[in-house]
Amino acid sequence: MDTVDATVARLREQCLSRGASGIQGLARFFRRLDQDRSRSLDARELQRGLADLGLALDMAEAEGVCRRWDRDGSGTLDLEEFLRALRPPMSQAREAVIAAAFSKLDRSGDGVVTVDDLRGVYSCHAHPKVTLAEFQDYYSGVSNSVDTDEEFVAMMTSAWQL
């Protein structure tokens, strides 16, 4: 585990131990860190906010965390990037049932759900294609609100008739 991964694990543990387990709690925490009210965090805001939690990072570590979490290349973290980074990893059972549901949609088997795959099943105007990574990312968020693997697998199996 590299230092950024270790920092993420420590931050996740700190947030959860302080009761910020729900999305609303983490969103409030994010807003507290966002000192300039830009709706994004730079490395300095992240460093200061984490120090308040007792998680001291030097600037290089804070910049490394920002680079790792910054998916859009903006140089800062928006709320979505912050929440995605703090989500705990999903179990293998959850990942497997999500992949099975995606495979059911991906009729061509090319790893991308397109309009042709969904014709007659779903209106794709807003999202003309979806990758497995995007599908997993969506269900990773859903997964956080389901307590056990058994409940999650049952929900996915029922919803997708797997």
# chains A, B, ... in the order shown; residues from 1 in each chain; ligands from 1
call {"tool": "select_by_dssp", "arguments": {"residues": "chain A", "states": "alpha helix (DSSP H)", "output": "number ranges by chain"}}
result
A: 3-17, 23-33, 43-52, 59-69, 79-86, 92-105, 115-118, 132-143, 149-160
call {"tool": "residues_around", "arguments": {"residues": "Lys104 (chain A)", "least_positions_apart": "6", "cutoff": "12 Å", "atoms": "only C-alpha atoms", "output": "number ranges by chain"}}
result
A: 97-98, 110-113, 117-118, 121, 132, 156-157, 159-162
call {"tool": "select_by_dssp", "arguments": {"residues": "chain A", "states": "strand (DSSP E or B)", "output": "ChimeraX atom specification"}}
result
/A:40-41,77-78,112-114,129-131
call {"tool": "residues_around", "arguments": {"residues": "region 75-78 of chain A", "least_positions_apart": "6", "cutoff": "10 Å", "atoms": "only C-alpha atoms", "output": "PyMOL selection string"}}
result
chain A and resi 30+34+38-43+45-46+63+65-69+85
call {"tool": "write_last_selection", "arguments": {"atoms": "N, CA and C atoms", "output": "PDB file, in the first residue's frame"}}
result
ATOM      1  N   PHE A  30     -17.176  17.952   3.808  1.00  0.00           N
ATOM      2  CA  PHE A  30     -16.569  18.563   2.625  1.00  0.00           C
ATOM      3  C   PHE A  30     -16.765  20.082   2.656  1.00  0.00           C
ATOM      4  N   ASP A  34     -14.039  23.249   2.680  1.00  0.00           N
ATOM      5  CA  ASP A  34     -14.026  24.177   1.548  1.00  0.00           C
ATOM      6  C   ASP A  34     -14.030  25.619   2.056  1.00  0.00           C
ATOM      7  N   SER A  38     -15.548  27.506  -2.886  1.00  0.00           N
ATOM      8  CA  SER A  38     -15.453  27.318  -4.337  1.00  0.00           C
ATOM      9  C   SER A  38     -16.156  26.042  -4.796  1.00  0.00           C
ATOM     10  N   ARG A  39     -16.656  25.273  -3.841  1.00  0.00           N
ATOM     11  CA  ARG A  39     -17.282  23.972  -4.101  1.00  0.00           C
ATOM     12  C   ARG A  39     -16.268  22.943  -4.602  1.00  0.00           C
ATOM     13  N   SER A  40     -15.022  23.197  -4.283  1.00  0.00           N
ATOM     14  CA  SER A  40     -13.962  22.232  -4.567  1.00  0.00           C
ATOM     15  C   SER A  40     -12.861  22.440  -3.534  1.00  0.00           C
ATOM     16  N   LEU A  41     -12.064  21.401  -3.350  1.00  0.00           N
ATOM     17  CA  LEU A  41     -10.964  21.464  -2.388  1.00  0.00           C
ATOM     18  C   LEU A  41      -9.645  21.439  -3.120  1.00  0.00           C
ATOM     19  N   ASP A  42      -8.762  22.359  -2.753  1.00  0.00           N
ATOM     20  CA  ASP A  42      -7.386  22.264  -3.241  1.00  0.00           C
ATOM     21  C   ASP A  42      -6.568  21.541  -2.167  1.00  0.00           C
ATOM     22  N   ALA A  43      -5.331  21.271  -2.461  1.00  0.00           N
ATOM     23  CA  ALA A  43      -4.490  20.497  -1.536  1.00  0.00           C
ATOM     24  C   ALA A  43      -4.353  21.196  -0.189  1.00  0.00           C
ATOM     25  N   GLU A  45      -6.556  23.245   1.348  1.00  0.00           N
ATOM     26  CA  GLU A  45      -7.791  23.083   2.124  1.00  0.00           C
ATOM     27  C   GLU A  45      -7.903  21.665   2.660  1.00  0.00           C
ATOM     28  N   LEU A  46      -7.534  20.698   1.840  1.00  0.00           N
ATOM     29  CA  LEU A  46      -7.569  19.309   2.282  1.00  0.00           C
ATOM     30  C   LEU A  46      -6.610  19.102   3.445  1.00  0.00           C
ATOM     31  N   GLU A  63      -1.071  16.922  -1.797  1.00  0.00           N
ATOM     32  CA  GLU A  63      -1.087  17.048  -3.261  1.00  0.00           C
ATOM     33  C   GLU A  63      -1.229  15.682  -3.921  1.00  0.00           C
ATOM     34  N   VAL A  65      -2.783  13.048  -2.642  1.00  0.00           N
ATOM     35  CA  VAL A  65      -4.176  12.639  -2.460  1.00  0.00           C
ATOM     36  C   VAL A  65      -5.053  13.351  -3.489  1.00  0.00           C
ATOM     37  N   CYS A  66      -4.837  14.649  -3.652  1.00  0.00           N
ATOM     38  CA  CYS A  66      -5.636  15.411  -4.633  1.00  0.00           C
ATOM     39  C   CYS A  66      -5.438  14.859  -6.040  1.00  0.00           C
ATOM     40  N   ARG A  67      -4.213  14.581  -6.408  1.00  0.00           N
ATOM     41  CA  ARG A  67      -3.951  14.040  -7.757  1.00  0.00           C
ATOM     42  C   ARG A  67      -4.636  12.687  -7.934  1.00  0.00           C
ATOM     43  N   ARG A  68      -4.578  11.836  -6.925  1.00  0.00           N
ATOM     44  CA  ARG A  68      -5.170  10.501  -7.010  1.00  0.00           C
ATOM     45  C   ARG A  68      -6.684  10.580  -7.149  1.00  0.00           C
ATOM     46  N   TRP A  69      -7.312  11.482  -6.424  1.00  0.00           N
ATOM     47  CA  TRP A  69      -8.767  11.570  -6.407  1.00  0.00           C
ATOM     48  C   TRP A  69      -9.339  12.419  -7.535  1.00  0.00           C
ATOM     49  N   ALA A  85     -13.992   8.802  -3.511  1.00  0.00           N
ATOM     50  CA  ALA A  85     -12.726   8.365  -2.917  1.00  0.00           C
ATOM     51  C   ALA A  85     -12.922   7.778  -1.526  1.00  0.00           C
TER      52      ALA A  85
END
call {"tool": "closest_residue", "arguments": {"among": "A:Gln136, A:Ser143, A:Ala27, A:Thr114", "to": "Ala100 (chain A)", "atoms": "only C-alpha atoms"}}
result
A:Gln136
call {"tool": "residues_around", "arguments": {"residues": "Gly54 (chain A)", "least_positions_apart": "4", "cutoff": "10 Å", "atoms": "only C-alpha atoms", "output": "PyMOL selection string"}}
result
chain A and resi 11+14+48-50
call {"tool": "write_last_selection", "arguments": {"atoms": "N, CA, C and O atoms", "output": "mmCIF file, in the first residue's frame"}}
result
data_model
loop_
_atom_site.group_PDB
_atom_site.id
_atom_site.type_symbol
_atom_site.label_atom_id
_atom_site.label_comp_id
_atom_site.auth_asym_id
_atom_site.auth_seq_id
_atom_site.Cartn_x
_atom_site.Cartn_y
_atom_site.Cartn_z
ATOM 1 N N LEU A 11 -8.129 8.411 6.415
ATOM 2 C CA LEU A 11 -9.185 9.416 6.323
ATOM 3 C C LEU A 11 -10.564 8.764 6.390
ATOM 4 O O LEU A 11 -11.452 9.224 7.106
ATOM 5 N N GLN A 14 -11.209 7.797 9.929
ATOM 6 C CA GLN A 14 -11.504 8.974 10.754
ATOM 7 C C GLN A 14 -12.930 9.463 10.531
ATOM 8 O O GLN A 14 -13.648 9.756 11.475
ATOM 9 N N ARG A 48 -5.396 21.320 5.624
ATOM 10 C CA ARG A 48 -5.871 21.999 6.843
ATOM 11 C C ARG A 48 -7.045 21.261 7.475
ATOM 12 O O ARG A 48 -7.108 21.095 8.689
ATOM 13 N N GLY A 49 -7.998 20.839 6.646
ATOM 14 C CA GLY A 49 -9.167 20.150 7.173
ATOM 15 C C GLY A 49 -8.829 18.822 7.817
ATOM 16 O O GLY A 49 -9.364 18.471 8.864
ATOM 17 N N LEU A 50 -7.915 18.101 7.198
ATOM 18 C CA LEU A 50 -7.529 16.809 7.766
ATOM 19 C C LEU A 50 -6.722 16.987 9.050
ATOM 20 O O LEU A 50 -6.820 16.162 9.955
#
call {"tool": "closest_residue", "arguments": {"among": "A:Arg107, A:Thr131, A:Met90, A:Glu95", "to": "Asp147 (chain A)", "atoms": "only C-alpha atoms"}}
result
A:Met90
call {"tool": "residues_around", "arguments": {"residues": "Arg84 (chain A)", "least_positions_apart": "3", "cutoff": "9 Å", "atoms": "only C-alpha atoms", "output": "MDAnalysis selection string"}}
result
chainID A and resid 69 79:81 87:88 137 140:141
call {"tool": "closest_residue", "arguments": {"among": "A:Arg44, A:Val130, A:Gln35, A:Ala93", "to": "Glu61 (chain A)", "atoms": "only C-alpha atoms"}}
result
A:Arg44
